[in-house]
Amino acid sequence: MKKRAIIIHCWSGSPDYAWYPWVRQKLEKKEFEVQVPQMPDTDEPRLDKWLPCLRQLIANPDDELVLVGHSIGTVTIMRYLETLAANEQVGKVILVAGFTDQLGFEELENFFDTKLNFAKIKTKSSHGYAVIQSDNDPYVSEQYGIRLKTELNAKLIIKHNAGHMSGEDRCTELPEAVAEIG
């Protein structure tokens, strides 16, 4: 099986935004097949569009697949993992600026019609979870990283003064993600 990585961007993001091209390049040098798809209607994200898009990209989940999400991309990945059959898993999951429930943005409410099923999500990564959180994110507080660490038995990495790790924060590299992927 070929090593694969899929990076799911943030709300209003794109494949060439923030740190995504840099991480893609580093993983391709490690012989990963990397996809950074343009998610549908990125300015008005809808789980009922993003989830089928991710499902189609993945096709067949396996131990060689790494999923990397940023912000609402992390929620999309967790929602995908909830849909996997009992015998299905992915390899590694990296959640960057991830959160676990509504942040107060009406545009994202549709991702939280039901609570995340952490008991199921936790079992869907054969190589575990890593959470990368900033200590000064203006949208996603550090409490979410701590909750994801607890709920998913994840490794928590705190970046200092990295904001939301987005283009607005001039975050164009994310070596912590590459290091966690291996």
# chains A, B, ... in the order shown; residues from 1 in each chain; ligands from 1
call {"tool": "residues_around", "arguments": {"residues": "Lys2 of chain A", "least_positions_apart": "4", "cutoff": "9 Å", "atoms": "only C-alpha atoms", "output": "list in words"}}
result
Glu31, Phe32, Glu33, Glu64 and Leu65 of chain A
call {"tool": "residues_around", "arguments": {"residues": "Arg79 of chain A", "least_positions_apart": "3", "cutoff": "12 Å", "atoms": "only C-alpha atoms", "output": "count of residues only"}}
result
31
call {"tool": "closest_residue", "arguments": {"among": "A:Ser126, A:Gln89, A:Ser134, A:Thr42", "to": "Glu107 of chain A", "atoms": "only C-alpha atoms"}}
result
A:Thr42
call {"tool": "closest_residue", "arguments": {"among": "A:Asp169, A:Glu180, A:Glu88, A:Asp41", "to": "Gly128 of chain A", "atoms": "only C-alpha atoms"}}
result
A:Glu180
call {"tool": "residues_around", "arguments": {"residues": "Cys53 of chain A", "least_positions_apart": "3", "cutoff": "10 Å", "atoms": "only C-alpha atoms", "output": "MDAnalysis selection string"}}
result
chainID A and resid 37:40 47:50 56:58
call {"tool": "write_last_selection", "arguments": {"atoms": "N, CA, C and O atoms", "output": "mmCIF file, in the first residue's frame"}}
result
data_model
loop_
_atom_site.group_PDB
_atom_site.id
_atom_site.type_symbol
_atom_site.label_atom_id
_atom_site.label_comp_id
_atom_site.auth_asym_id
_atom_site.auth_seq_id
_atom_site.Cartn_x
_atom_site.Cartn_y
_atom_site.Cartn_z
ATOM 1 N N PRO A 37 -7.513 18.883 -1.200
ATOM 2 C CA PRO A 37 -8.643 19.220 -2.074
ATOM 3 C C PRO A 37 -9.243 20.588 -1.763
ATOM 4 O O PRO A 37 -9.166 21.070 -0.628
ATOM 5 N N GLN A 38 -9.810 21.182 -2.785
ATOM 6 C CA GLN A 38 -10.626 22.382 -2.579
ATOM 7 C C GLN A 38 -11.990 21.882 -2.126
ATOM 8 O O GLN A 38 -12.697 21.230 -2.875
ATOM 9 N N MET A 39 -12.330 22.152 -0.887
ATOM 10 C CA MET A 39 -13.614 21.693 -0.367
ATOM 11 C C MET A 39 -14.739 22.556 -0.946
ATOM 12 O O MET A 39 -14.528 23.730 -1.250
ATOM 13 N N PRO A 40 -15.926 21.982 -1.097
ATOM 14 C CA PRO A 40 -17.028 22.718 -1.735
ATOM 15 C C PRO A 40 -17.525 23.892 -0.890
ATOM 16 O O PRO A 40 -17.561 23.808 0.339
ATOM 17 N N LEU A 47 -21.543 20.463 6.181
ATOM 18 C CA LEU A 47 -21.118 19.090 6.412
ATOM 19 C C LEU A 47 -21.695 18.154 5.358
ATOM 20 O O LEU A 47 -21.011 17.240 4.909
ATOM 21 N N ASP A 48 -22.929 18.389 4.926
ATOM 22 C CA ASP A 48 -23.541 17.499 3.936
ATOM 23 C C ASP A 48 -22.869 17.583 2.570
ATOM 24 O O ASP A 48 -23.127 16.753 1.695
ATOM 25 N N LYS A 49 -21.962 18.546 2.371
ATOM 26 C CA LYS A 49 -21.165 18.612 1.142
ATOM 27 C C LYS A 49 -19.718 18.199 1.404
ATOM 28 O O LYS A 49 -19.091 17.551 0.585
ATOM 29 N N TRP A 50 -19.194 18.629 2.545
ATOM 30 C CA TRP A 50 -17.795 18.333 2.855
ATOM 31 C C TRP A 50 -17.580 16.844 3.143
ATOM 32 O O TRP A 50 -16.582 16.262 2.717
ATOM 33 N N GLN A 56 -15.340 10.434 -0.742
ATOM 34 C CA GLN A 56 -14.975 10.087 -2.117
ATOM 35 C C GLN A 56 -13.457 10.127 -2.312
ATOM 36 O O GLN A 56 -12.888 9.254 -2.975
ATOM 37 N N LEU A 57 -12.803 11.120 -1.747
ATOM 38 C CA LEU A 57 -11.339 11.217 -1.861
ATOM 39 C C LEU A 57 -10.645 10.018 -1.235
ATOM 40 O O LEU A 57 -9.685 9.488 -1.786
ATOM 41 N N ILE A 58 -11.124 9.609 -0.086
ATOM 42 C CA ILE A 58 -10.484 8.509 0.631
ATOM 43 C C ILE A 58 -10.766 7.189 -0.049
ATOM 44 O O ILE A 58 -9.875 6.349 -0.175
#
call {"tool": "residues_around", "arguments": {"residues": "Gly182 of chain A", "least_positions_apart": "3", "cutoff": "12 Å", "atoms": "only C-alpha atoms", "output": "PDB file with all heavy atoms, in the first residue's frame"}}
result
ATOM      1  N   LYS A   3       1.727   5.095   0.921  1.00  0.00           N
ATOM      2  CA  LYS A   3       1.445   6.051   1.988  1.00  0.00           C
ATOM      3  C   LYS A   3       0.686   7.232   1.375  1.00  0.00           C
ATOM      4  O   LYS A   3       1.113   7.792   0.366  1.00  0.00           O
ATOM      5  CB  LYS A   3       2.731   6.537   2.641  1.00  0.00           C
ATOM      6  CG  LYS A   3       3.526   5.461   3.327  1.00  0.00           C
ATOM      7  CD  LYS A   3       4.708   6.019   4.083  1.00  0.00           C
ATOM      8  CE  LYS A   3       5.718   6.665   3.183  1.00  0.00           C
ATOM      9  NZ  LYS A   3       6.951   7.069   3.875  1.00  0.00           N
ATOM     10  N   ALA A   5      -1.664  10.938   2.277  1.00  0.00           N
ATOM     11  CA  ALA A   5      -2.060  11.974   3.233  1.00  0.00           C
ATOM     12  C   ALA A   5      -3.081  12.875   2.559  1.00  0.00           C
ATOM     13  O   ALA A   5      -2.940  13.215   1.381  1.00  0.00           O
ATOM     14  CB  ALA A   5      -0.861  12.792   3.686  1.00  0.00           C
ATOM     15  N   VAL A  23       3.573  21.672   4.037  1.00  0.00           N
ATOM     16  CA  VAL A  23       3.429  20.311   4.563  1.00  0.00           C
ATOM     17  C   VAL A  23       3.334  19.315   3.406  1.00  0.00           C
ATOM     18  O   VAL A  23       3.956  18.249   3.434  1.00  0.00           O
ATOM     19  CB  VAL A  23       2.210  20.204   5.517  1.00  0.00           C
ATOM     20  CG1 VAL A  23       1.897  18.747   5.856  1.00  0.00           C
ATOM     21  CG2 VAL A  23       2.460  21.007   6.787  1.00  0.00           C
ATOM     22  N   LYS A  26       6.824  18.671   2.033  1.00  0.00           N
ATOM     23  CA  LYS A  26       7.639  17.857   2.946  1.00  0.00           C
ATOM     24  C   LYS A  26       7.198  16.383   2.910  1.00  0.00           C
ATOM     25  O   LYS A  26       8.033  15.480   2.943  1.00  0.00           O
ATOM     26  CB  LYS A  26       7.549  18.390   4.378  1.00  0.00           C
ATOM     27  CG  LYS A  26       8.143  19.765   4.546  1.00  0.00           C
ATOM     28  CD  LYS A  26       9.637  19.762   4.291  1.00  0.00           C
ATOM     29  CE  LYS A  26      10.237  21.133   4.525  1.00  0.00           C
ATOM     30  NZ  LYS A  26      11.633  21.205   4.109  1.00  0.00           N
ATOM     31  N   LEU A  27       5.885  16.142   2.862  1.00  0.00           N
ATOM     32  CA  LEU A  27       5.396  14.760   2.830  1.00  0.00           C
ATOM     33  C   LEU A  27       5.686  14.086   1.493  1.00  0.00           C
ATOM     34  O   LEU A  27       6.004  12.894   1.456  1.00  0.00           O
ATOM     35  CB  LEU A  27       3.899  14.718   3.142  1.00  0.00           C
ATOM     36  CG  LEU A  27       3.512  15.105   4.571  1.00  0.00           C
ATOM     37  CD1 LEU A  27       1.999  15.057   4.742  1.00  0.00           C
ATOM     38  CD2 LEU A  27       4.207  14.216   5.595  1.00  0.00           C
ATOM     39  N   LYS A  29       8.258  14.580  -0.284  1.00  0.00           N
ATOM     40  CA  LYS A  29       9.668  14.197  -0.215  1.00  0.00           C
ATOM     41  C   LYS A  29       9.842  12.889   0.561  1.00  0.00           C
ATOM     42  O   LYS A  29      10.837  12.189   0.388  1.00  0.00           O
ATOM     43  CB  LYS A  29      10.508  15.303   0.415  1.00  0.00           C
ATOM     44  CG  LYS A  29      10.747  16.463  -0.520  1.00  0.00           C
ATOM     45  CD  LYS A  29      11.633  17.512   0.107  1.00  0.00           C
ATOM     46  CE  LYS A  29      11.872  18.649  -0.875  1.00  0.00           C
ATOM     47  NZ  LYS A  29      12.665  19.724  -0.288  1.00  0.00           N
ATOM     48  N   LYS A  30       8.867  12.579   1.430  1.00  0.00           N
ATOM     49  CA  LYS A  30       8.891  11.325   2.185  1.00  0.00           C
ATOM     50  C   LYS A  30       8.082  10.238   1.462  1.00  0.00           C
ATOM     51  O   LYS A  30       7.718   9.235   2.055  1.00  0.00           O
ATOM     52  CB  LYS A  30       8.318  11.548   3.591  1.00  0.00           C
ATOM     53  CG  LYS A  30       9.171  12.460   4.448  1.00  0.00           C
ATOM     54  CD  LYS A  30       8.530  12.661   5.803  1.00  0.00           C
ATOM     55  CE  LYS A  30       9.415  13.507   6.681  1.00  0.00           C
ATOM     56  NZ  LYS A  30       9.514  13.001   8.034  1.00  0.00           N
ATOM     57  N   GLU A  31       7.799  10.496   0.194  1.00  0.00           N
ATOM     58  CA  GLU A  31       7.117   9.553  -0.695  1.00  0.00           C
ATOM     59  C   GLU A  31       5.658   9.294  -0.340  1.00  0.00           C
ATOM     60  O   GLU A  31       5.124   8.217  -0.594  1.00  0.00           O
ATOM     61  CB  GLU A  31       7.919   8.262  -0.823  1.00  0.00           C
ATOM     62  CG  GLU A  31       9.302   8.532  -1.399  1.00  0.00           C
ATOM     63  CD  GLU A  31      10.075   7.279  -1.722  1.00  0.00           C
ATOM     64  OE1 GLU A  31       9.518   6.174  -1.634  1.00  0.00           O
ATOM     65  OE2 GLU A  31      11.253   7.433  -2.071  1.00  0.00           O
ATOM     66  N   PHE A  32       5.012  10.292   0.212  1.00  0.00           N
ATOM     67  CA  PHE A  32       3.568  10.241   0.421  1.00  0.00           C
ATOM     68  C   PHE A  32       2.883  10.737  -0.842  1.00  0.00           C
ATOM     69  O   PHE A  32       3.372  11.666  -1.502  1.00  0.00           O
ATOM     70  CB  PHE A  32       3.132  11.169   1.569  1.00  0.00           C
ATOM     71  CG  PHE A  32       3.242  10.570   2.929  1.00  0.00           C
ATOM     72  CD1 PHE A  32       4.454  10.567   3.611  1.00  0.00           C
ATOM     73  CD2 PHE A  32       2.130  10.030   3.558  1.00  0.00           C
ATOM     74  CE1 PHE A  32       4.559  10.038   4.884  1.00  0.00           C
ATOM     75  CE2 PHE A  32       2.223   9.504   4.829  1.00  0.00           C
ATOM     76  CZ  PHE A  32       3.443   9.499   5.491  1.00  0.00           C
ATOM     77  N   GLU A  64      -2.295   3.054   5.981  1.00  0.00           N
ATOM     78  CA  GLU A  64      -1.289   3.939   5.385  1.00  0.00           C
ATOM     79  C   GLU A  64      -1.816   5.348   5.142  1.00  0.00           C
ATOM     80  O   GLU A  64      -1.105   6.196   4.605  1.00  0.00           O
ATOM     81  CB  GLU A  64      -0.794   3.350   4.055  1.00  0.00           C
ATOM     82  CG  GLU A  64      -0.059   2.034   4.210  1.00  0.00           C
ATOM     83  CD  GLU A  64       1.244   2.172   4.989  1.00  0.00           C
ATOM     84  OE1 GLU A  64       1.963   3.179   4.797  1.00  0.00           O
ATOM     85  OE2 GLU A  64       1.545   1.286   5.804  1.00  0.00           O
ATOM     86  N   VAL A  66      -3.013   9.033   6.265  1.00  0.00           N
ATOM     87  CA  VAL A  66      -2.904  10.063   7.289  1.00  0.00           C
ATOM     88  C   VAL A  66      -3.897  11.167   6.932  1.00  0.00           C
ATOM     89  O   VAL A  66      -3.920  11.637   5.792  1.00  0.00           O
ATOM     90  CB  VAL A  66      -1.474  10.650   7.342  1.00  0.00           C
ATOM     91  CG1 VAL A  66      -1.402  11.804   8.332  1.00  0.00           C
ATOM     92  CG2 VAL A  66      -0.462   9.572   7.688  1.00  0.00           C
ATOM     93  N   GLY A  91      -4.689   5.415   9.388  1.00  0.00           N
ATOM     94  CA  GLY A  91      -3.432   5.323  10.119  1.00  0.00           C
ATOM     95  C   GLY A  91      -3.323   6.364  11.216  1.00  0.00           C
ATOM     96  O   GLY A  91      -3.571   6.100  12.379  1.00  0.00           O
ATOM     97  N   LYS A  92      -2.979   7.579  10.847  1.00  0.00           N
ATOM     98  CA  LYS A  92      -2.721   8.660  11.806  1.00  0.00           C
ATOM     99  C   LYS A  92      -3.662   9.821  11.519  1.00  0.00           C
ATOM    100  O   LYS A  92      -4.047  10.047  10.381  1.00  0.00           O
ATOM    101  CB  LYS A  92      -1.266   9.113  11.663  1.00  0.00           C
ATOM    102  CG  LYS A  92      -0.804  10.173  12.620  1.00  0.00           C
ATOM    103  CD  LYS A  92      -0.205   9.565  13.848  1.00  0.00           C
ATOM    104  CE  LYS A  92       0.293  10.653  14.788  1.00  0.00           C
ATOM    105  NZ  LYS A  92       0.960  10.124  15.934  1.00  0.00           N
ATOM    106  N   VAL A  93      -4.011  10.564  12.565  1.00  0.00           N
ATOM    107  CA  VAL A  93      -4.867  11.739  12.421  1.00  0.00           C
ATOM    108  C   VAL A  93      -4.208  12.913  13.150  1.00  0.00           C
ATOM    109  O   VAL A  93      -3.867  12.801  14.326  1.00  0.00           O
ATOM    110  CB  VAL A  93      -6.290  11.485  12.985  1.00  0.00           C
ATOM    111  CG1 VAL A  93      -7.152  12.736  12.845  1.00  0.00           C
ATOM    112  CG2 VAL A  93      -6.947  10.297  12.290  1.00  0.00           C
ATOM    113  N   ILE A  94      -4.046  14.030  12.417  1.00  0.00           N
ATOM    114  CA  ILE A  94      -3.468  15.252  12.968  1.00  0.00           C
ATOM    115  C   ILE A  94      -4.556  16.326  12.929  1.00  0.00           C
ATOM    116  O   ILE A  94      -5.089  16.642  11.863  1.00  0.00           O
ATOM    117  CB  ILE A  94      -2.256  15.741  12.137  1.00  0.00           C
ATOM    118  CG1 ILE A  94      -1.267  14.611  11.852  1.00  0.00           C
ATOM    119  CG2 ILE A  94      -1.602  16.945  12.806  1.00  0.00           C
ATOM    120  CD1 ILE A  94      -0.552  14.063  13.040  1.00  0.00           C
ATOM    121  N   HIS A 127      -2.758   4.437  14.423  1.00  0.00           N
ATOM    122  CA  HIS A 127      -1.509   5.021  14.915  1.00  0.00           C
ATOM    123  C   HIS A 127      -1.737   6.252  15.790  1.00  0.00           C
ATOM    124  O   HIS A 127      -0.793   6.959  16.122  1.00  0.00           O
ATOM    125  CB  HIS A 127      -0.578   5.373  13.754  1.00  0.00           C
ATOM    126  CG  HIS A 127      -0.170   4.180  12.944  1.00  0.00           C
ATOM    127  ND1 HIS A 127       0.532   3.122  13.468  1.00  0.00           N
ATOM    128  CD2 HIS A 127      -0.402   3.871  11.649  1.00  0.00           C
ATOM    129  CE1 HIS A 127       0.733   2.217  12.522  1.00  0.00           C
ATOM    130  NE2 HIS A 127       0.172   2.647  11.415  1.00  0.00           N
ATOM    131  N   ALA A 130      -2.756  13.268  17.016  1.00  0.00           N
ATOM    132  CA  ALA A 130      -1.955  14.382  17.520  1.00  0.00           C
ATOM    133  C   ALA A 130      -2.784  15.644  17.330  1.00  0.00           C
ATOM    134  O   ALA A 130      -3.438  15.828  16.299  1.00  0.00           O
ATOM    135  CB  ALA A 130      -0.637  14.498  16.771  1.00  0.00           C
ATOM    136  N   PRO A 175       6.083  22.464  10.980  1.00  0.00           N
ATOM    137  CA  PRO A 175       6.965  21.305  11.153  1.00  0.00           C
ATOM    138  C   PRO A 175       6.437  20.289  12.164  1.00  0.00           C
ATOM    139  O   PRO A 175       6.736  19.097  12.058  1.00  0.00           O
ATOM    140  CB  PRO A 175       8.292  21.915  11.605  1.00  0.00           C
ATOM    141  CG  PRO A 175       7.959  23.306  12.059  1.00  0.00           C
ATOM    142  CD  PRO A 175       6.735  23.720  11.331  1.00  0.00           C
ATOM    143  N   GLU A 176       5.632  20.736  13.127  1.00  0.00           N
ATOM    144  CA  GLU A 176       5.082  19.816  14.121  1.00  0.00           C
ATOM    145  C   GLU A 176       4.200  18.761  13.463  1.00  0.00           C
ATOM    146  O   GLU A 176       4.203  17.591  13.861  1.00  0.00           O
ATOM    147  CB  GLU A 176       4.265  20.586  15.171  1.00  0.00           C
ATOM    148  CG  GLU A 176       5.077  21.558  16.008  1.00  0.00           C
ATOM    149  CD  GLU A 176       5.284  22.937  15.374  1.00  0.00           C
ATOM    150  OE1 GLU A 176       4.880  23.150  14.203  1.00  0.00           O
ATOM    151  OE2 GLU A 176       5.849  23.800  16.054  1.00  0.00           O
ATOM    152  N   ALA A 177       3.446  19.151  12.447  1.00  0.00           N
ATOM    153  CA  ALA A 177       2.577  18.192  11.737  1.00  0.00           C
ATOM    154  C   ALA A 177       3.424  17.156  11.005  1.00  0.00           C
ATOM    155  O   ALA A 177       3.152  15.960  11.088  1.00  0.00           O
ATOM    156  CB  ALA A 177       1.656  18.920  10.759  1.00  0.00           C
ATOM    157  N   VAL A 178       4.443  17.616  10.309  1.00  0.00           N
ATOM    158  CA  VAL A 178       5.311  16.692   9.561  1.00  0.00           C
ATOM    159  C   VAL A 178       6.009  15.738  10.526  1.00  0.00           C
ATOM    160  O   VAL A 178       6.101  14.528  10.273  1.00  0.00           O
ATOM    161  CB  VAL A 178       6.328  17.480   8.701  1.00  0.00           C
ATOM    162  CG1 VAL A 178       7.300  16.538   8.019  1.00  0.00           C
ATOM    163  CG2 VAL A 178       5.591  18.339   7.683  1.00  0.00           C
ATOM    164  N   ALA A 179       6.496  16.251  11.643  1.00  0.00           N
ATOM    165  CA  ALA A 179       7.183  15.417  12.629  1.00  0.00           C
ATOM    166  C   ALA A 179       6.247  14.341  13.177  1.00  0.00           C
ATOM    167  O   ALA A 179       6.666  13.191  13.378  1.00  0.00           O
ATOM    168  CB  ALA A 179       7.727  16.282  13.767  1.00  0.00           C
TER     169      ALA A 179
END
call {"tool": "residues_around", "arguments": {"residues": "Ser71 of chain A", "least_positions_apart": "5", "cutoff": "7 Å", "atoms": "only C-alpha atoms", "output": "list in words"}}
result
Cys10, Val96, Ala97 and Gly98 of chain A
call {"tool": "closest_residue", "arguments": {"among": "A:Ile77, A:Val90, A:Ala59, A:Val68", "to": "Ile7 of chain A", "atoms": "only C-alpha atoms"}}
result
A:Val68
call {"tool": "closest_residue", "arguments": {"among": "A:Met78, A:Leu108, A:Asn87, A:Leu174", "to": "Leu148 of chain A", "atoms": "only C-alpha atoms"}}
result
A:Met78
call {"tool": "select_by_dssp", "arguments": {"residues": "segment 114-166 of chain A", "states": "strand (DSSP E)", "output": "PyMOL selection string"}}
result
chain A and resi 129-134+155-159
call {"tool": "residues_around", "arguments": {"residues": "Ile146 of chain A", "least_positions_apart": "3", "cutoff": "12 Å", "atoms": "only C-alpha atoms", "output": "VMD selection string"}}
result
chain A and resid 97 to 100 130 to 135 140 to 143 149 to 158
call {"tool": "select_by_dssp", "arguments": {"residues": "segment 4-134 of chain A", "states": "helix (DSSP H, G or I)", "output": "JSON, numbers by chain"}}
result
{"A": [20, 21, 22, 23, 24, 25, 26, 27, 28, 29, 47, 48, 49, 50, 51, 52, 53, 54, 55, 56, 57, 58, 72, 73, 74, 75, 76, 77, 78, 79, 80, 81, 82, 106, 107, 108, 109, 110, 111, 112, 118, 119, 120, 121, 122]}
call {"tool": "write_last_selection", "arguments": {"atoms": "N, CA and C atoms", "output": "compact mmCIF listing (two decimals), in the first residue's frame"}}
result
# COMPACT_ATOMS: atom_id res chain seq x y z
N TYR A 20 -0.41 24.58 4.22
CA TYR A 20 -0.74 23.36 3.47
C TYR A 20 0.29 23.04 2.37
N PRO A 21 0.70 24.01 1.53
CA PRO A 21 1.69 23.66 0.49
C PRO A 21 3.02 23.19 1.08
N TRP A 22 3.44 23.80 2.17
CA TRP A 22 4.72 23.43 2.79
C TRP A 22 4.65 22.00 3.33
N VAL A 23 3.57 21.67 4.04
CA VAL A 23 3.43 20.31 4.56
C VAL A 23 3.33 19.32 3.41
N ARG A 24 2.59 19.67 2.37
CA ARG A 24 2.47 18.79 1.20
C ARG A 24 3.86 18.48 0.63
N GLN A 25 4.65 19.53 0.41
CA GLN A 25 5.99 19.35 -0.15
C GLN A 25 6.85 18.44 0.73
N LYS A 26 6.82 18.67 2.03
CA LYS A 26 7.64 17.86 2.95
C LYS A 26 7.20 16.38 2.91
N LEU A 27 5.89 16.14 2.86
CA LEU A 27 5.40 14.76 2.83
C LEU A 27 5.69 14.09 1.49
N GLU A 28 5.59 14.84 0.41
CA GLU A 28 5.92 14.26 -0.90
C GLU A 28 7.39 13.84 -0.95
N LYS A 29 8.26 14.58 -0.28
CA LYS A 29 9.67 14.20 -0.21
C LYS A 29 9.84 12.89 0.56
N LEU A 47 -21.54 20.46 6.18
CA LEU A 47 -21.12 19.09 6.41
C LEU A 47 -21.70 18.15 5.36
N ASP A 48 -22.93 18.39 4.93
CA ASP A 48 -23.54 17.50 3.94
C ASP A 48 -22.87 17.58 2.57
N LYS A 49 -21.96 18.55 2.37
CA LYS A 49 -21.17 18.61 1.14
C LYS A 49 -19.72 18.20 1.40
N TRP A 50 -19.19 18.63 2.55
CA TRP A 50 -17.79 18.33 2.85
C TRP A 50 -17.58 16.84 3.14
N LEU A 51 -18.49 16.23 3.87
CA LEU A 51 -18.32 14.82 4.24
C LEU A 51 -18.31 13.90 3.01
N PRO A 52 -19.27 14.02 2.08
CA PRO A 52 -19.20 13.17 0.88
C PRO A 52 -17.95 13.42 0.04
N CYS A 53 -17.49 14.67 0.02
CA CYS A 53 -16.26 14.99 -0.71
C CYS A 53 -15.07 14.23 -0.11
N LEU A 54 -14.96 14.27 1.21
CA LEU A 54 -13.87 13.56 1.88
C LEU A 54 -14.01 12.05 1.69
N ARG A 55 -15.20 11.54 1.84
CA ARG A 55 -15.43 10.10 1.67
C ARG A 55 -15.00 9.65 0.27
N GLN A 56 -15.34 10.43 -0.74
CA GLN A 56 -14.97 10.09 -2.12
C GLN A 56 -13.46 10.13 -2.31
N LEU A 57 -12.80 11.12 -1.75
CA LEU A 57 -11.34 11.22 -1.86
C LEU A 57 -10.65 10.02 -1.23
N ILE A 58 -11.12 9.61 -0.09
CA ILE A 58 -10.48 8.51 0.63
C ILE A 58 -10.77 7.19 -0.05
N ILE A 72 -12.22 23.83 10.87
CA ILE A 72 -13.43 23.05 10.54
C ILE A 72 -13.05 21.77 9.79
N GLY A 73 -11.87 21.74 9.20
CA GLY A 73 -11.37 20.50 8.58
C GLY A 73 -11.19 19.39 9.61
N THR A 74 -10.87 19.76 10.86
CA THR A 74 -10.73 18.74 11.91
C THR A 74 -12.08 18.12 12.23
N VAL A 75 -13.11 18.95 12.26
CA VAL A 75 -14.46 18.43 12.55
C VAL A 75 -14.93 17.54 11.41
N THR A 76 -14.64 17.94 10.18
CA THR A 76 -15.00 17.12 9.02
C THR A 76 -14.36 15.74 9.13
N ILE A 77 -13.09 15.70 9.51
CA ILE A 77 -12.38 14.42 9.66
C ILE A 77 -13.02 13.59 10.77
N MET A 78 -13.31 14.20 11.91
CA MET A 78 -13.93 13.43 13.00
C MET A 78 -15.31 12.92 12.59
N ARG A 79 -16.07 13.71 11.87
CA ARG A 79 -17.38 13.25 11.37
C ARG A 79 -17.21 12.09 10.40
N TYR A 80 -16.17 12.15 9.57
CA TYR A 80 -15.87 11.03 8.67
C TYR A 80 -15.56 9.76 9.47
N LEU A 81 -14.72 9.89 10.47
CA LEU A 81 -14.33 8.73 11.27
C LEU A 81 -15.53 8.09 11.96
N GLU A 82 -16.51 8.91 12.33
CA GLU A 82 -17.73 8.37 12.93
C GLU A 82 -18.49 7.45 11.99
N GLU A 106 -22.62 31.01 13.16
CA GLU A 106 -23.82 30.42 12.56
C GLU A 106 -23.47 29.54 11.35
N GLU A 107 -22.46 29.95 10.59
CA GLU A 107 -22.06 29.22 9.38
C GLU A 107 -21.57 27.81 9.67
N LEU A 108 -21.16 27.55 10.90
CA LEU A 108 -20.60 26.23 11.24
C LEU A 108 -21.55 25.37 12.07
N GLU A 109 -22.71 25.90 12.42
CA GLU A 109 -23.65 25.16 13.26
C GLU A 109 -24.04 23.80 12.67
N ASN A 110 -24.13 23.72 11.33
CA ASN A 110 -24.57 22.47 10.70
C ASN A 110 -23.59 21.32 10.93
N PHE A 111 -22.38 21.59 11.34
CA PHE A 111 -21.41 20.53 11.65
C PHE A 111 -21.66 19.91 13.03
N PHE A 112 -22.56 20.55 13.80
CA PHE A 112 -22.79 20.12 15.18
C PHE A 112 -24.25 19.83 15.46
N PHE A 118 -17.01 10.59 20.50
CA PHE A 118 -15.59 10.38 20.75
C PHE A 118 -15.25 8.92 21.03
N ALA A 119 -16.16 8.17 21.63
CA ALA A 119 -15.90 6.75 21.89
C ALA A 119 -15.63 6.02 20.58
N LYS A 120 -16.37 6.33 19.55
CA LYS A 120 -16.18 5.68 18.24
C LYS A 120 -14.97 6.28 17.53
N ILE A 121 -14.88 7.61 17.50
CA ILE A 121 -13.77 8.27 16.81
C ILE A 121 -12.43 7.77 17.34
N LYS A 122 -12.33 7.62 18.63
CA LYS A 122 -11.08 7.20 19.28
C LYS A 122 -10.55 5.87 18.73
call {"tool": "atom_distance", "arguments": {"atom1": "atom CA of Thr172 of chain A", "atom2": "atom CA of Arg147 of chain A"}}
result
26.1 Å
call {"tool": "closest_residue", "arguments": {"among": "A:Asp137, A:Leu67, A:Leu103, A:Glu168", "to": "Gly13 of chain A", "atoms": "only C-alpha atoms"}}
result
A:Glu168
call {"tool": "atom_distance", "arguments": {"atom1": "atom CA of His160 of chain A", "atom2": "atom CA of Pro138 of chain A"}}
result
12.8 Å
call {"tool": "residues_around", "arguments": {"residues": "Arg170 of chain A", "least_positions_apart": "4", "cutoff": "12 Å", "atoms": "only C-alpha atoms", "output": "list in words"}}
result
Tyr17, Ala18, Trp19, Asn161, Ala162, Gly163, His164, Met165, Ser166 and Leu174 of chain A
call {"tool": "atom_distance", "arguments": {"atom1": "atom CA of Cys171 of chain A", "atom2": "atom CA of Ser14 of chain A"}}
result
14.2 Å
